[in-house]
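Notes for the one structure printed next.
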Amino acid sequence: MKAKWLGLALASAAVAAGCGEGRAIFNVDVYSFLQGTGRDTLRLPPDPLPPLLPATTVTDSVTPIAVNLPGAGSSIVDTVSLSGSLDVTNPTSSGSLSYQIFFASNPSPAAVYGGAPALTVGPASFPAATTTSVPISAPNLAAPVRDLFKGSALYIGIRGTISNTGATGLKTTLKLTRLQARIVLQDKFF
Amino acid sequence: MRTPFVGVGLAALIVGGAAAADAQGWVTDARRIGMGGLGLDQSSLRRYNAAYRAVPARSGQHGQPKLTIPIPLGLIQFFHDHPLSNISNDPAFNHDSAGFNPVELLNTFLNPPLFLEVKKAPTPTNDVVFGIGKDSLRVNLGQTAKLVPEDQFGIGGSSRPLDAGFAIKGVRIGVMGWLHEDVGFTVGDTLLGFLRDSQPARPRTRYNILGDGTIETGFAPSVGYAGRIVGDSATALYLGGALHYYVGLAYGHVTGDGGFTTGDSIFTGPTPVKPDARALTSYSKFGNSVGHGFGGDVGLALVTGPIELGIGVNDIGATITWPDTRRDSAFYRDSTAAHNGPPVRYSTPVLPNHIETKTKLPVSYLVNLAYTVGKTTLGADVLNNGRGTTVHVGGEQRVGVIVLRGGVARDQRKRLELGWGGGLRFGGLGLDVGFWTHTNSLSNQRGITMATSLSIY
């Protein structure tokens with residue numbers, strides 16, 4: 001149903017104007033779909049677990065969330081680039097972060113997390129007691145992942161892994177602060 | 001998803017492009033096309049000026065063609081590219097095909113391929129940018145936004161596809177077929193702002209297009225007169241007129257409003273957008289009771305030496321009374337009021353039904369001027385056939401068996417168009433070619449059509 005709005009709007013807009021041979025560019029604020037749902041943050045290790053012991057690793061992921069897309073039909077997806085940033089908030093020890101973003105056309109966690117990640121951020125080191133911002137950047141996702149953006153619904157999964165490289169227990173919150181997708185389609189909506 | 005997407009897209013395309021379709025009328029004579037649409041000969045002037053039935057051919061003109069046959073080079077090319085044997089699988093017309101392009105399809109509709117399109121009007125090629133968030137949507141169409149019409153637009157006019165009869169001493173008895181069609185659309189303010197001004201989509205807002213269409217057709221037995229009332233063969237005033245008894249065979253009118261309303265938020269919630277449509281139709285089908293009415297034409301033509309001036313007005317007072325018109329109302333909404341049920345759709349008669357309806361044919365007029373000196377004829381006209389005025393200025397120069405032509409037109413979109421061409425005349429046979437620019441495509445740039453026709457004198 002949500003896709004209908006996009007379909008109507010896109011059709012009215014792009015087609016009424018005679019879309020010609022120009023490109024259709026979608027700037028999708030992915031973060032806005034995550035914000036306020038609690039799925040833009042990952043508490044590691046998850047509460048109420050105790051802090052991560054030195055030289056150990058923990059992984060957790062969010063429940064997949066849907067993002068509405070216009071449905072590109074037989075269009076060719078030229079480029080899907082991602083940009084954003086992630087904060088490692090007030091870690092109690094130094095450590096290393098690896099952060100993965102998954103895309104799937106199926107909402108089930110098994111489907112979303114069953115495939116290869118579309119993007120892996122890190123491993124990136126972070127110091128203790130200081131919030132560190134980690135950039136997210138992917139100039140162009142792999143072709144099979146790009147094709148997922150032809151659909152009208154896309155499901156995003158986020159998985160974070162941290163390792164404790166310090167001498168004390170590690171507890172932190174990974175907080176996504178920005179995630180934008182830029183989707184460039186060759187003009188073939190139909 | 002795909003079907004409504006394509007459906008709405010095509011509807012929007014037709015809506016968006018229809019404004020251009022009627023911009024220059026439908027002319028099949030390469031001679032007229034070569035003069036930018038100007039009709040200089042009496043046969044074309046008679047359509048709008050009854051006095052021209054009595055005006056003799058100008059000196060220097062070598063007769064009027066008895067028959068002009070368009071040479072459909074464009075159709076030959078079209079059917080070469082799109083064989084009839086495979087038309088159902090042709091990617092150009094099959095929206096399931098990866099090769100389907102609705103822009104090309106609509107351009108074919110707006111520019112019927114009778115003649116060769118020697119320069120296609122380029123469609124806009126700028127990028128279209130969409131900004132999408134959880135609760136926001138914004139579109140930037142760039143330069144193509146200028147193609148979204150701000151005012152009402154449409155196609156329409158009146159025509160006489162048949163005009164047969166005989167004349168004795170200026171009195172003419174005949175029968176003409178008549179057709180009146182008028183389709184107009186208006187993009188609602190909110191949709192206009194969204195498409196043209198790149199305004200963000202708003203919650204709890206309706207986005208719509210208003211439509212209004214009429215079509216009626218029939219025939220009209222006519223009696224008329226055309227003759228010279230003063231003057232001689234050098235300088236004379238001609239008067240013509242005709243009375244028509246219009247017999248209406250079928251009539252239909254629809255007023256509609258279609259669109260969708262956004263929910264409390266743009267993307268969230270179970271029903272972020274609710275499509276709906278409503279229409280009121282009135283009609284009298286073929287075979288139902290016929291319509292009837294009276295109307296008339298009047299025309300004056302002044303010929304003084306090389307100068308010819310005419311004014312003709314058609315369908316004066318032509319009001320058709322349809323004694324038995326049925327009225328229906330149609331409604332569609334994609335769910336119940338609670339948004340949790342199946343779509344609501346109905347079409348039901350509106351009471352009182354079977355009522356009398358009156359329609360008016362648009363008054364059309366033509367003012368023309370022609371000046372002939374030696375083998376040169378120059379002319380101009382102003383024509384309104386019910387939906388907008390067009391102005392044509394042009395001329396032709398005869399050099400032996402060769403005729404050179406040129407002209408300028410201001411079309412119904414108030415755009416300047418050019419025409420040029422030439423012809424060869426061998427005895428009773430003439431071969432003409434004409435080029436003219438046009439903007440009846442989904443483009444703000446001009447295309448060029450080459451028309452060819454054969455005339456028998």
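Scheme for the structure tokens: letters A, B, ... for chains in order shown; per-chain residue numbers from 1; ligand numbers from 1 in order shown.
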List as a PyMOL selection string the protein and nucleic acid residues near stretch 172-185 of chain A, meaning an atom at most 6 Å away when only C-alpha atoms are counted, but skip any in the same chain fewer than 2 places from it.
chain A and resi 23-31+40-44+76-89+91+187
A:Ala116 environment, 12 Å, only C-alpha atoms, sequence neighbours closer than 6 positions dropped, as a compact mmCIF listing (two decimals) with all heavy atoms, in the first residue's frame:
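Dumped to result.txt:
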# COMPACT_ATOMS: atom_id res chain seq x y z
N GLN A 100 27.98 -4.18 9.71
CA GLN A 100 27.55 -4.70 8.42
C GLN A 100 26.11 -4.28 8.13
O GLN A 100 25.26 -4.28 9.03
CB GLN A 100 27.65 -6.23 8.40
CG GLN A 100 29.09 -6.72 8.50
CD GLN A 100 29.16 -8.22 8.66
OE1 GLN A 100 28.37 -8.81 9.40
NE2 GLN A 100 30.11 -8.84 7.99
N ILE A 101 25.85 -3.95 6.87
CA ILE A 101 24.50 -3.59 6.44
C ILE A 101 24.04 -4.62 5.41
O ILE A 101 24.77 -4.93 4.46
CB ILE A 101 24.47 -2.17 5.84
CG1 ILE A 101 24.92 -1.15 6.91
CG2 ILE A 101 23.08 -1.82 5.31
CD1 ILE A 101 25.03 0.27 6.41
N PHE A 102 22.85 -5.14 5.63
CA PHE A 102 22.28 -6.16 4.75
C PHE A 102 21.03 -5.61 4.07
O PHE A 102 20.28 -4.83 4.67
CB PHE A 102 21.88 -7.41 5.57
CG PHE A 102 23.03 -8.12 6.20
CD1 PHE A 102 23.60 -7.65 7.37
CD2 PHE A 102 23.54 -9.29 5.65
CE1 PHE A 102 24.67 -8.31 7.98
CE2 PHE A 102 24.59 -9.96 6.24
CZ PHE A 102 25.17 -9.47 7.40
N PHE A 103 20.79 -6.05 2.87
CA PHE A 103 19.55 -5.72 2.17
C PHE A 103 18.92 -7.02 1.67
O PHE A 103 19.63 -7.94 1.25
CB PHE A 103 19.80 -4.81 0.97
CG PHE A 103 20.31 -3.44 1.35
CD1 PHE A 103 21.63 -3.09 1.11
CD2 PHE A 103 19.47 -2.52 1.94
CE1 PHE A 103 22.10 -1.84 1.45
CE2 PHE A 103 19.94 -1.26 2.29
CZ PHE A 103 21.26 -0.91 2.04
N ALA A 104 17.58 -7.05 1.69
CA ALA A 104 16.87 -8.22 1.17
C ALA A 104 15.48 -7.79 0.75
O ALA A 104 14.96 -6.75 1.17
CB ALA A 104 16.79 -9.32 2.22
N ALA A 110 16.02 -14.41 8.79
CA ALA A 110 16.87 -15.44 8.19
C ALA A 110 17.25 -15.05 6.77
O ALA A 110 18.38 -15.27 6.33
CB ALA A 110 16.13 -16.77 8.20
N LEU A 141 27.19 -0.34 -4.76
CA LEU A 141 27.01 -1.70 -4.24
C LEU A 141 27.13 -2.71 -5.38
O LEU A 141 27.03 -2.35 -6.56
CB LEU A 141 25.65 -1.83 -3.56
CG LEU A 141 25.40 -0.89 -2.38
CD1 LEU A 141 24.04 -1.16 -1.77
CD2 LEU A 141 26.49 -1.06 -1.31
N ALA A 142 27.31 -3.96 -5.03
CA ALA A 142 27.43 -5.02 -6.03
C ALA A 142 26.13 -5.16 -6.81
O ALA A 142 25.05 -4.84 -6.31
CB ALA A 142 27.79 -6.33 -5.35
N PRO A 144 24.10 -7.65 -7.75
CA PRO A 144 22.93 -8.36 -7.21
C PRO A 144 22.21 -7.55 -6.13
O PRO A 144 20.99 -7.60 -6.02
CB PRO A 144 23.53 -9.64 -6.63
CG PRO A 144 24.84 -9.81 -7.32
CD PRO A 144 25.33 -8.43 -7.60
N VAL A 145 22.97 -6.79 -5.36
CA VAL A 145 22.35 -5.97 -4.33
C VAL A 145 21.62 -4.78 -4.96
O VAL A 145 20.52 -4.41 -4.56
CB VAL A 145 23.41 -5.47 -3.32
CG1 VAL A 145 22.76 -4.62 -2.24
CG2 VAL A 145 24.13 -6.65 -2.70
N GLY A 157 18.88 -4.81 7.26
CA GLY A 157 19.35 -5.36 8.51
C GLY A 157 20.71 -4.78 8.85
O GLY A 157 21.51 -4.47 7.95
N ARG A 159 24.05 -5.32 11.44
CA ARG A 159 24.72 -6.21 12.39
C ARG A 159 26.03 -5.54 12.83
O ARG A 159 26.79 -5.05 11.99
CB ARG A 159 25.02 -7.56 11.73
CG ARG A 159 25.77 -8.52 12.64
CD ARG A 159 26.24 -9.74 11.86
NE ARG A 159 25.15 -10.65 11.57
CZ ARG A 159 25.21 -11.59 10.62
NH1 ARG A 159 26.29 -11.69 9.86
NH2 ARG A 159 24.20 -12.40 10.42
Could you please write out, as a PyMOL selection string, every residue of stretch 48-209 of chain B that DSSP assigns to helix (DSSP H, G or I)?
chain B and resi 50-53+73-81+84-89+102-110+142-147+189-196
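The environment of B:Glu417 within 7 Å, counting only C-alpha atoms and disregarding residues fewer than 4 places along the same chain, consists of B:Gly36, B:Val408, B:Ala409, B:Arg410, B:Thr437, B:His438.
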Considering only C-alpha atoms, return as a count of residues only whatever protein or nucleic-acid residues lie within 9 Å of A:Asn164, sequence-local ones (same chain, fewer than 2 positions apart) excluded.
17
Could you tell me how far atom CA of B:Ser43 sits from atom CA of B:Gln64, in Å to one decimal place?
7.5 Å
For the strand (DSSP E) assignment from backbone DSSP, which residues of stretch 161-408 of chain B qualify? Please present them as number ranges by chain.
B: 161-168, 171-187, 206-231, 235-262, 273-284, 291-304, 307-316, 319-333, 344-349, 355-360, 364-373, 376-384, 389-399, 402-408
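Between atom CA of B:Val290 and atom CA of B:Val313 the separation is 25.6 Å.
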